[in-house]
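Colleague: This is the content of upload.cif (mmCIF, N, CA and C atoms):
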```cif
data_final
#
loop_
_atom_site.label_atom_id
_atom_site.label_comp_id
_atom_site.auth_asym_id
_atom_site.auth_seq_id
_atom_site.Cartn_x
_atom_site.Cartn_y
_atom_site.Cartn_z
N MET B 1 9.32 40.51 4.45
CA MET B 1 9.27 40.04 3.09
C MET B 1 7.91 40.35 2.49
N GLU B 2 7.90 40.92 1.32
CA GLU B 2 6.66 41.29 0.66
C GLU B 2 6.33 40.28 -0.43
N PHE B 3 5.05 39.94 -0.51
CA PHE B 3 4.58 39.03 -1.54
C PHE B 3 3.72 39.81 -2.53
N SER B 4 3.98 39.54 -3.79
CA SER B 4 3.12 40.14 -4.81
C SER B 4 1.83 39.33 -4.92
N ARG B 5 0.90 39.84 -5.64
CA ARG B 5 -0.37 39.13 -5.82
C ARG B 5 -0.10 37.78 -6.51
N ARG B 6 0.82 37.76 -7.46
CA ARG B 6 1.17 36.54 -8.18
C ARG B 6 1.79 35.51 -7.23
N ASP B 7 2.68 35.96 -6.32
CA ASP B 7 3.30 35.06 -5.35
C ASP B 7 2.25 34.47 -4.41
N THR B 8 1.35 35.30 -3.93
CA THR B 8 0.30 34.84 -3.02
C THR B 8 -0.61 33.82 -3.70
N LEU B 9 -0.98 34.10 -4.94
CA LEU B 9 -1.81 33.18 -5.69
C LEU B 9 -1.09 31.85 -5.92
N GLY B 10 0.18 31.93 -6.26
CA GLY B 10 0.98 30.71 -6.47
C GLY B 10 1.10 29.87 -5.21
N LEU B 11 1.34 30.53 -4.07
CA LEU B 11 1.43 29.80 -2.80
C LEU B 11 0.09 29.16 -2.43
N GLY B 12 -0.98 29.88 -2.66
CA GLY B 12 -2.32 29.35 -2.35
C GLY B 12 -2.65 28.14 -3.21
N LEU B 13 -2.35 28.21 -4.49
CA LEU B 13 -2.62 27.07 -5.38
C LEU B 13 -1.73 25.89 -5.04
N GLY B 14 -0.49 26.17 -4.68
CA GLY B 14 0.41 25.09 -4.28
C GLY B 14 -0.07 24.39 -3.02
N ALA B 15 -0.54 25.15 -2.05
CA ALA B 15 -1.07 24.57 -0.81
C ALA B 15 -2.32 23.76 -1.09
N ALA B 16 -3.17 24.24 -1.97
CA ALA B 16 -4.39 23.50 -2.33
C ALA B 16 -4.03 22.18 -3.02
N ALA B 17 -3.03 22.21 -3.87
CA ALA B 17 -2.60 20.98 -4.57
C ALA B 17 -2.04 19.97 -3.58
N LEU B 18 -1.30 20.42 -2.59
CA LEU B 18 -0.73 19.51 -1.60
C LEU B 18 -1.79 18.86 -0.74
N THR B 19 -2.85 19.56 -0.46
CA THR B 19 -3.91 18.95 0.35
C THR B 19 -4.65 17.87 -0.41
N MET B 20 -4.65 17.92 -1.72
CA MET B 20 -5.33 16.91 -2.52
C MET B 20 -4.47 15.67 -2.75
N LEU B 21 -3.16 15.75 -2.56
CA LEU B 21 -2.25 14.64 -2.84
C LEU B 21 -2.59 13.38 -2.05
N PRO B 22 -2.78 13.41 -0.74
CA PRO B 22 -3.08 12.17 -0.03
C PRO B 22 -4.37 11.52 -0.50
N LEU B 23 -5.34 12.29 -0.93
CA LEU B 23 -6.59 11.71 -1.43
C LEU B 23 -6.35 10.91 -2.70
N ARG B 24 -5.46 11.39 -3.55
CA ARG B 24 -5.17 10.66 -4.78
C ARG B 24 -4.44 9.35 -4.48
N VAL B 25 -3.56 9.34 -3.50
CA VAL B 25 -2.85 8.11 -3.14
C VAL B 25 -3.84 7.09 -2.60
N VAL B 26 -4.74 7.52 -1.70
CA VAL B 26 -5.75 6.61 -1.17
C VAL B 26 -6.66 6.14 -2.28
N ALA B 27 -7.03 7.04 -3.18
CA ALA B 27 -7.88 6.67 -4.30
C ALA B 27 -7.18 5.66 -5.20
N ALA B 28 -5.88 5.83 -5.41
CA ALA B 28 -5.11 4.88 -6.22
C ALA B 28 -5.11 3.50 -5.58
N THR B 29 -4.98 3.44 -4.26
CA THR B 29 -5.00 2.17 -3.55
C THR B 29 -6.36 1.51 -3.70
N GLU B 30 -7.42 2.27 -3.48
CA GLU B 30 -8.77 1.72 -3.60
C GLU B 30 -9.05 1.27 -5.04
N ASP B 31 -8.55 2.00 -6.02
CA ASP B 31 -8.72 1.61 -7.42
C ASP B 31 -8.01 0.30 -7.72
N ARG B 32 -6.81 0.14 -7.18
CA ARG B 32 -6.06 -1.11 -7.40
C ARG B 32 -6.78 -2.29 -6.77
N ILE B 33 -7.33 -2.10 -5.57
CA ILE B 33 -8.07 -3.18 -4.91
C ILE B 33 -9.33 -3.52 -5.72
N ALA B 34 -10.06 -2.50 -6.17
CA ALA B 34 -11.27 -2.73 -6.96
C ALA B 34 -10.96 -3.44 -8.27
N GLU B 35 -9.83 -3.08 -8.88
CA GLU B 35 -9.42 -3.73 -10.13
C GLU B 35 -9.09 -5.20 -9.89
N PHE B 36 -8.43 -5.50 -8.78
CA PHE B 36 -8.02 -6.87 -8.45
C PHE B 36 -9.23 -7.72 -8.08
N THR B 37 -10.16 -7.17 -7.32
CA THR B 37 -11.30 -7.95 -6.83
C THR B 37 -12.53 -7.86 -7.74
N GLY B 38 -12.54 -6.91 -8.65
CA GLY B 38 -13.72 -6.71 -9.47
C GLY B 38 -14.87 -6.11 -8.67
N GLY B 39 -14.55 -5.48 -7.54
CA GLY B 39 -15.57 -4.87 -6.70
C GLY B 39 -16.24 -5.84 -5.74
N ALA B 40 -15.74 -7.06 -5.65
CA ALA B 40 -16.36 -8.07 -4.77
C ALA B 40 -16.07 -7.77 -3.30
N GLU B 41 -16.92 -8.30 -2.44
CA GLU B 41 -16.73 -8.17 -0.99
C GLU B 41 -15.51 -8.97 -0.56
N MET B 42 -14.85 -8.52 0.52
CA MET B 42 -13.67 -9.21 1.02
C MET B 42 -13.89 -9.63 2.47
N ALA B 43 -13.48 -10.86 2.77
CA ALA B 43 -13.55 -11.37 4.14
C ALA B 43 -12.32 -10.92 4.92
N ASP B 44 -12.43 -10.88 6.23
CA ASP B 44 -11.29 -10.52 7.08
C ASP B 44 -10.51 -11.73 7.56
N THR B 45 -10.91 -12.93 7.13
CA THR B 45 -10.22 -14.15 7.55
C THR B 45 -9.70 -14.88 6.32
N GLY B 46 -8.74 -15.77 6.53
CA GLY B 46 -8.19 -16.56 5.45
C GLY B 46 -6.87 -16.06 4.92
N LEU B 47 -6.42 -14.90 5.38
CA LEU B 47 -5.16 -14.31 4.92
C LEU B 47 -4.40 -13.78 6.13
N THR B 48 -3.13 -14.15 6.21
CA THR B 48 -2.28 -13.68 7.30
C THR B 48 -1.18 -12.80 6.72
N LEU B 49 -1.09 -11.58 7.22
CA LEU B 49 -0.04 -10.64 6.82
C LEU B 49 0.86 -10.41 8.02
N THR B 50 2.14 -10.68 7.86
CA THR B 50 3.11 -10.49 8.93
C THR B 50 4.06 -9.36 8.54
N ALA B 51 4.07 -8.32 9.36
CA ALA B 51 4.93 -7.15 9.12
C ALA B 51 5.36 -6.61 10.47
N PRO B 52 6.54 -5.99 10.55
CA PRO B 52 6.98 -5.44 11.84
C PRO B 52 6.13 -4.24 12.26
N GLU B 53 5.98 -4.06 13.55
CA GLU B 53 5.25 -2.90 14.05
C GLU B 53 6.05 -1.62 13.81
N ILE B 54 7.37 -1.71 14.02
CA ILE B 54 8.26 -0.58 13.82
C ILE B 54 9.41 -1.02 12.91
N ALA B 55 9.68 -0.25 11.86
CA ALA B 55 10.80 -0.50 10.97
C ALA B 55 11.78 0.66 11.11
N GLU B 56 13.00 0.34 11.48
CA GLU B 56 14.00 1.40 11.66
C GLU B 56 14.40 2.03 10.35
N ASN B 57 14.36 1.26 9.26
CA ASN B 57 14.76 1.78 7.96
C ASN B 57 13.70 1.39 6.94
N GLY B 58 13.13 2.36 6.26
CA GLY B 58 12.10 2.10 5.27
C GLY B 58 12.60 1.46 3.99
N ASN B 59 13.92 1.36 3.81
CA ASN B 59 14.47 0.75 2.60
C ASN B 59 14.27 -0.75 2.56
N THR B 60 14.26 -1.42 3.70
CA THR B 60 14.12 -2.88 3.73
C THR B 60 13.20 -3.29 4.86
N VAL B 61 11.93 -3.39 4.57
CA VAL B 61 10.93 -3.79 5.56
C VAL B 61 10.48 -5.21 5.20
N PRO B 62 10.76 -6.19 6.06
CA PRO B 62 10.37 -7.57 5.74
C PRO B 62 8.88 -7.80 5.97
N ILE B 63 8.24 -8.44 5.02
CA ILE B 63 6.83 -8.81 5.18
C ILE B 63 6.64 -10.24 4.69
N ALA B 64 5.57 -10.86 5.15
CA ALA B 64 5.22 -12.21 4.70
C ALA B 64 3.70 -12.30 4.62
N VAL B 65 3.22 -13.06 3.65
CA VAL B 65 1.78 -13.30 3.49
C VAL B 65 1.56 -14.80 3.37
N ASP B 66 0.43 -15.26 3.91
CA ASP B 66 0.09 -16.67 3.87
C ASP B 66 -1.42 -16.79 3.72
N ALA B 67 -1.87 -17.47 2.68
CA ALA B 67 -3.30 -17.63 2.43
C ALA B 67 -3.54 -19.02 1.84
N PRO B 68 -3.75 -20.01 2.70
CA PRO B 68 -4.03 -21.35 2.19
C PRO B 68 -5.24 -21.36 1.25
N GLY B 69 -5.06 -21.92 0.07
CA GLY B 69 -6.14 -21.97 -0.90
C GLY B 69 -6.21 -20.78 -1.84
N ALA B 70 -5.24 -19.89 -1.79
CA ALA B 70 -5.24 -18.69 -2.65
C ALA B 70 -4.65 -19.00 -4.01
N THR B 71 -5.13 -18.29 -5.02
CA THR B 71 -4.54 -18.39 -6.35
C THR B 71 -3.68 -17.17 -6.66
N ALA B 72 -3.91 -16.05 -5.94
CA ALA B 72 -3.11 -14.84 -6.12
C ALA B 72 -3.19 -13.98 -4.86
N ILE B 73 -2.09 -13.27 -4.57
CA ILE B 73 -2.05 -12.35 -3.44
C ILE B 73 -1.44 -11.05 -3.94
N MET B 74 -2.12 -9.93 -3.68
CA MET B 74 -1.62 -8.62 -4.05
C MET B 74 -1.26 -7.86 -2.78
N ILE B 75 -0.12 -7.17 -2.80
CA ILE B 75 0.34 -6.38 -1.65
C ILE B 75 0.43 -4.93 -2.07
N LEU B 76 -0.12 -4.04 -1.22
CA LEU B 76 -0.11 -2.60 -1.48
C LEU B 76 0.45 -1.86 -0.27
N ALA B 77 1.20 -0.80 -0.52
CA ALA B 77 1.67 0.11 0.53
C ALA B 77 0.93 1.43 0.30
N THR B 78 -0.03 1.74 1.17
CA THR B 78 -0.96 2.84 0.92
C THR B 78 -0.32 4.21 0.89
N GLY B 79 0.82 4.41 1.55
CA GLY B 79 1.44 5.73 1.61
C GLY B 79 2.56 5.95 0.62
N ASN B 80 2.90 4.95 -0.17
CA ASN B 80 3.96 5.11 -1.16
C ASN B 80 3.46 5.88 -2.38
N PRO B 81 4.35 6.57 -3.08
CA PRO B 81 3.94 7.27 -4.30
C PRO B 81 3.29 6.33 -5.32
N THR B 82 3.79 5.10 -5.42
CA THR B 82 3.19 4.05 -6.24
C THR B 82 2.79 2.93 -5.28
N PRO B 83 1.50 2.79 -4.98
CA PRO B 83 1.08 1.87 -3.92
C PRO B 83 1.28 0.39 -4.23
N GLY B 84 1.26 -0.01 -5.49
CA GLY B 84 1.42 -1.43 -5.82
C GLY B 84 2.81 -1.92 -5.50
N VAL B 85 2.92 -2.93 -4.64
CA VAL B 85 4.22 -3.47 -4.26
C VAL B 85 4.50 -4.76 -5.02
N ALA B 86 3.59 -5.73 -4.93
CA ALA B 86 3.82 -7.02 -5.57
C ALA B 86 2.50 -7.76 -5.72
N THR B 87 2.48 -8.65 -6.70
CA THR B 87 1.37 -9.59 -6.86
C THR B 87 1.98 -10.96 -7.07
N PHE B 88 1.61 -11.90 -6.23
CA PHE B 88 2.11 -13.27 -6.30
C PHE B 88 0.99 -14.16 -6.84
N ALA B 89 1.31 -14.99 -7.85
CA ALA B 89 0.34 -15.92 -8.41
C ALA B 89 0.79 -17.34 -8.07
N PHE B 90 -0.18 -18.17 -7.70
CA PHE B 90 0.10 -19.55 -7.31
C PHE B 90 -0.66 -20.50 -8.22
N GLY B 91 0.05 -21.47 -8.77
CA GLY B 91 -0.56 -22.46 -9.64
C GLY B 91 -1.14 -23.61 -8.83
N PRO B 92 -1.80 -24.55 -9.51
CA PRO B 92 -2.42 -25.68 -8.81
C PRO B 92 -1.41 -26.62 -8.15
N LEU B 93 -0.18 -26.60 -8.57
CA LEU B 93 0.84 -27.48 -8.00
C LEU B 93 1.69 -26.80 -6.93
N ALA B 94 1.32 -25.59 -6.54
CA ALA B 94 2.09 -24.88 -5.51
C ALA B 94 1.96 -25.62 -4.18
N ALA B 95 3.08 -25.84 -3.53
CA ALA B 95 3.07 -26.56 -2.25
C ALA B 95 2.40 -25.74 -1.16
N SER B 96 2.64 -24.44 -1.16
CA SER B 96 1.99 -23.56 -0.19
C SER B 96 1.72 -22.22 -0.85
N GLN B 97 0.69 -21.57 -0.39
CA GLN B 97 0.33 -20.27 -0.94
C GLN B 97 0.82 -19.19 0.03
N SER B 98 2.12 -19.04 0.09
CA SER B 98 2.73 -18.04 0.96
C SER B 98 3.93 -17.44 0.24
N ALA B 99 4.28 -16.23 0.66
CA ALA B 99 5.42 -15.53 0.08
C ALA B 99 5.99 -14.57 1.11
N SER B 100 7.27 -14.31 1.00
CA SER B 100 7.90 -13.31 1.85
C SER B 100 8.87 -12.50 1.00
N THR B 101 8.99 -11.24 1.36
CA THR B 101 9.87 -10.34 0.62
C THR B 101 10.22 -9.15 1.50
N ARG B 102 11.06 -8.30 0.99
CA ARG B 102 11.38 -7.04 1.66
C ARG B 102 10.89 -5.93 0.75
N ILE B 103 10.22 -4.95 1.36
CA ILE B 103 9.65 -3.86 0.57
C ILE B 103 10.21 -2.53 1.04
N ARG B 104 9.99 -1.51 0.24
CA ARG B 104 10.45 -0.16 0.56
C ARG B 104 9.24 0.69 0.90
N LEU B 105 9.32 1.39 2.02
CA LEU B 105 8.22 2.24 2.47
C LEU B 105 8.69 3.68 2.61
N ALA B 106 7.86 4.62 2.15
CA ALA B 106 8.20 6.03 2.21
C ALA B 106 8.11 6.60 3.62
N GLY B 107 7.29 6.01 4.45
CA GLY B 107 7.08 6.50 5.81
C GLY B 107 6.07 5.61 6.52
N THR B 108 5.62 6.04 7.68
CA THR B 108 4.63 5.29 8.44
C THR B 108 3.35 5.17 7.62
N GLN B 109 2.86 3.94 7.45
CA GLN B 109 1.69 3.70 6.60
C GLN B 109 1.13 2.32 6.81
N ASP B 110 -0.01 2.07 6.15
CA ASP B 110 -0.65 0.76 6.20
C ASP B 110 -0.16 -0.09 5.04
N ILE B 111 0.05 -1.37 5.32
CA ILE B 111 0.33 -2.36 4.29
C ILE B 111 -0.96 -3.17 4.15
N VAL B 112 -1.44 -3.35 2.94
CA VAL B 112 -2.68 -4.08 2.69
C VAL B 112 -2.37 -5.26 1.78
N ALA B 113 -2.89 -6.43 2.15
CA ALA B 113 -2.77 -7.62 1.32
C ALA B 113 -4.18 -8.10 0.99
N VAL B 114 -4.39 -8.45 -0.28
CA VAL B 114 -5.67 -8.98 -0.73
C VAL B 114 -5.39 -10.29 -1.45
N ALA B 115 -6.11 -11.34 -1.06
CA ALA B 115 -5.92 -12.66 -1.65
C ALA B 115 -7.16 -13.08 -2.42
N LYS B 116 -6.93 -13.64 -3.60
CA LYS B 116 -8.02 -14.24 -4.37
C LYS B 116 -7.96 -15.74 -4.11
N MET B 117 -9.05 -16.28 -3.57
CA MET B 117 -9.10 -17.68 -3.22
C MET B 117 -9.53 -18.52 -4.43
N ALA B 118 -9.26 -19.81 -4.35
CA ALA B 118 -9.58 -20.73 -5.46
C ALA B 118 -11.08 -20.77 -5.75
N ASP B 119 -11.92 -20.52 -4.75
CA ASP B 119 -13.37 -20.55 -4.96
C ASP B 119 -13.92 -19.23 -5.49
N GLY B 120 -13.05 -18.26 -5.77
CA GLY B 120 -13.48 -16.97 -6.32
C GLY B 120 -13.73 -15.89 -5.28
N SER B 121 -13.66 -16.23 -4.00
CA SER B 121 -13.84 -15.23 -2.95
C SER B 121 -12.53 -14.48 -2.71
N PHE B 122 -12.61 -13.42 -1.91
CA PHE B 122 -11.45 -12.59 -1.62
C PHE B 122 -11.30 -12.40 -0.12
N ALA B 123 -10.05 -12.29 0.32
CA ALA B 123 -9.75 -12.02 1.73
C ALA B 123 -8.80 -10.84 1.80
N LYS B 124 -8.89 -10.08 2.88
CA LYS B 124 -8.07 -8.88 3.03
C LYS B 124 -7.47 -8.85 4.43
N ALA B 125 -6.23 -8.39 4.52
CA ALA B 125 -5.56 -8.18 5.80
C ALA B 125 -4.72 -6.92 5.69
N SER B 126 -4.57 -6.20 6.80
CA SER B 126 -3.74 -4.99 6.78
C SER B 126 -2.96 -4.87 8.08
N SER B 127 -1.88 -4.12 8.01
CA SER B 127 -1.03 -3.90 9.16
C SER B 127 -0.39 -2.52 9.03
N THR B 128 -0.28 -1.81 10.14
CA THR B 128 0.37 -0.50 10.14
C THR B 128 1.83 -0.68 10.53
N VAL B 129 2.72 -0.09 9.74
CA VAL B 129 4.15 -0.14 10.00
C VAL B 129 4.63 1.28 10.26
N LYS B 130 5.25 1.49 11.41
CA LYS B 130 5.83 2.79 11.74
C LYS B 130 7.28 2.80 11.26
N VAL B 131 7.59 3.74 10.39
CA VAL B 131 8.92 3.84 9.80
C VAL B 131 9.65 5.03 10.39
N THR B 132 10.86 4.80 10.91
CA THR B 132 11.62 5.89 11.50
C THR B 132 12.44 6.65 10.47
N ILE B 133 12.95 5.95 9.43
CA ILE B 133 13.69 6.60 8.34
C ILE B 133 13.04 6.14 7.04
N GLY B 134 12.46 7.08 6.28
CA GLY B 134 11.76 6.74 5.05
C GLY B 134 12.70 6.17 4.00
N GLY B 135 12.16 5.28 3.14
CA GLY B 135 12.97 4.63 2.13
C GLY B 135 12.76 5.11 0.72
N CYS B 136 11.74 5.92 0.46
CA CYS B 136 11.43 6.38 -0.89
C CYS B 136 11.82 7.86 -1.03
N GLY B 137 13.06 8.16 -0.76
CA GLY B 137 13.51 9.53 -0.89
C GLY B 137 13.12 10.43 0.27
N GLY B 138 12.68 9.83 1.37
CA GLY B 138 12.21 10.63 2.51
C GLY B 138 13.13 10.60 3.68
#
```
So, in terms of structure tokens, how does the structure I just supplied come out?
Modeller:
Amino acid sequence: MEFSRRDTLGLGLGAAALTMLPLRVVAATEDRIAEFTGGAEMADTGLTLTAPEIAENGNTVPIAVDAPGATAIMILATGNPTPGVATFAFGPLAASQSASTRIRLAGTQDIVAVAKMADGSFAKASSTVKVTIGGCGG
């Protein structure tokens, strides 16, 4: 098979664009965290993220978050085309600051949860989920 100069240039540009894609997804995740926290430091304690180690189907991956004293919890899936999964807000009369849901994952990736505490501090937890069948068109 012969490639013209135009074909070779197109393939090269396409390959270069694909190598930049994961950086944009990671950058989008970091931007969302910075927007939520205002750039504040995050502690590694005070937030519990429960997710399966292996998910057979990426369409329905159960997760749970628990952060006593939190006013809001944001959940991100770092490898999804749109990393923002959910943000839960808790009022002063909330009996517990926990939530559980099922999320969709495109493939094996990290799940990140960030909690804003009532005192203005932030906590972060993450977990890697291995997905055998992707749920976002994969």
Colleague: From a DSSP calculation on the backbone, collect every residue of chain B in alpha helix (DSSP H) and output the set as JSON, numbers by chain.
Modeller: {"B": [5, 6, 7, 8, 9, 10, 11, 12, 13, 14, 15, 16, 17, 18, 19, 20, 21, 22, 23, 24, 25, 26, 27, 28, 29, 30, 31, 32, 33, 34, 35, 36, 37]}
Colleague: From the set B:Val65, B:Ala125, B:Ala115, B:Ala70, which residue has the shortest atom-to-atom contact distance to B:Ser98, counting all atoms listed in the file?
Modeller: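 Once distances to B:Ser98 are computed over all atoms listed in the file, the minimum belongs to B:Val65.
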Colleague: Please evaluate the PyMOL selection byres ((chain B and resi 77) around 8) against the structure above and give the resulting residues as a list in words.
Modeller: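 Selected by the PyMOL selection byres ((chain B and resi 77) around 8) here: Val25, Thr29, Met74, Ile75, Leu76, Thr78, Gly79, Asn80, Pro81, Thr82, Pro83, Gly84, Val85, Ala86, Arg104, Leu105, Ala106, Gln109, Asp110, Ile111, Val112 and Ala113 of chain B.
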Colleague: Just give me the residues with any atom within 9 Å of (-14.8, -13.7, 5.3), file coordinates, counting only C-alpha atoms, written as JSON, numbers by chain.
Modeller: {"B": [41, 42, 43, 44, 45, 46, 121, 122, 123, 124]}
Colleague: Which one of B:Ala34, B:Leu49, B:Val129, B:Ile73 sits closest to B:Gln97 if you count only C-alpha atoms?
Modeller: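 Result for the nearest residue to B:Gln97: B:Ile73.
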Colleague: What's the separation between atom CA of B:Thr50 and atom CA of B:Ile63, in Å to one decimal place?
Modeller: 5.5 Å
Colleague: Around all the atoms of stretch 53-57 of chain B listed in the file, draw an axis-aligned box and extend it by 5 Å on each of the six sides; I want its centre and edge lengths in Å to one decimal, as lines of an AutoDock Vina configuration file.
Modeller:
```
center_x = 10.0
center_y = -1.0
center_z = 10.5
size_x = 19.5
size_y = 16.1
size_z = 17.1
```
Colleague: Looking at B:Ala95, B:Ala55, B:Ala89, B:Ala67, which one is nearest to B:Ile133, with distances taken over only C-alpha atoms?
Modeller: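 Checking each candidate against B:Ile133, we get B:Ala55 as the closest.
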Colleague: Hey, can you check how far atom CA of B:Ile33 sits from atom CA of B:Ile103?
Modeller: 18.6 Å
Colleague: Can you check which residues of chain B DSSP gives as strand (DSSP E or B) on the backbone and send them as a ChimeraX atom specification?
Modeller: /B:42-43,48-50,54-55,61-66,70-77,84-89,98-103,109-117,122-131
Colleague: Enter the distance from atom CA of B:Glu53 to atom C of B:Val114, in Å, rounded to one decimal.
Modeller: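 Going from atom CA of B:Glu53 over to atom C of B:Val114, I get 20.2 Å.
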Colleague: Measuring between only N, CA and C atoms, which one of B:Arg5, B:Thr132, B:Lys116, B:Arg102 shows the shortest distance to B:Glu56?
Modeller: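 The closest residue to B:Glu56 is B:Thr132.
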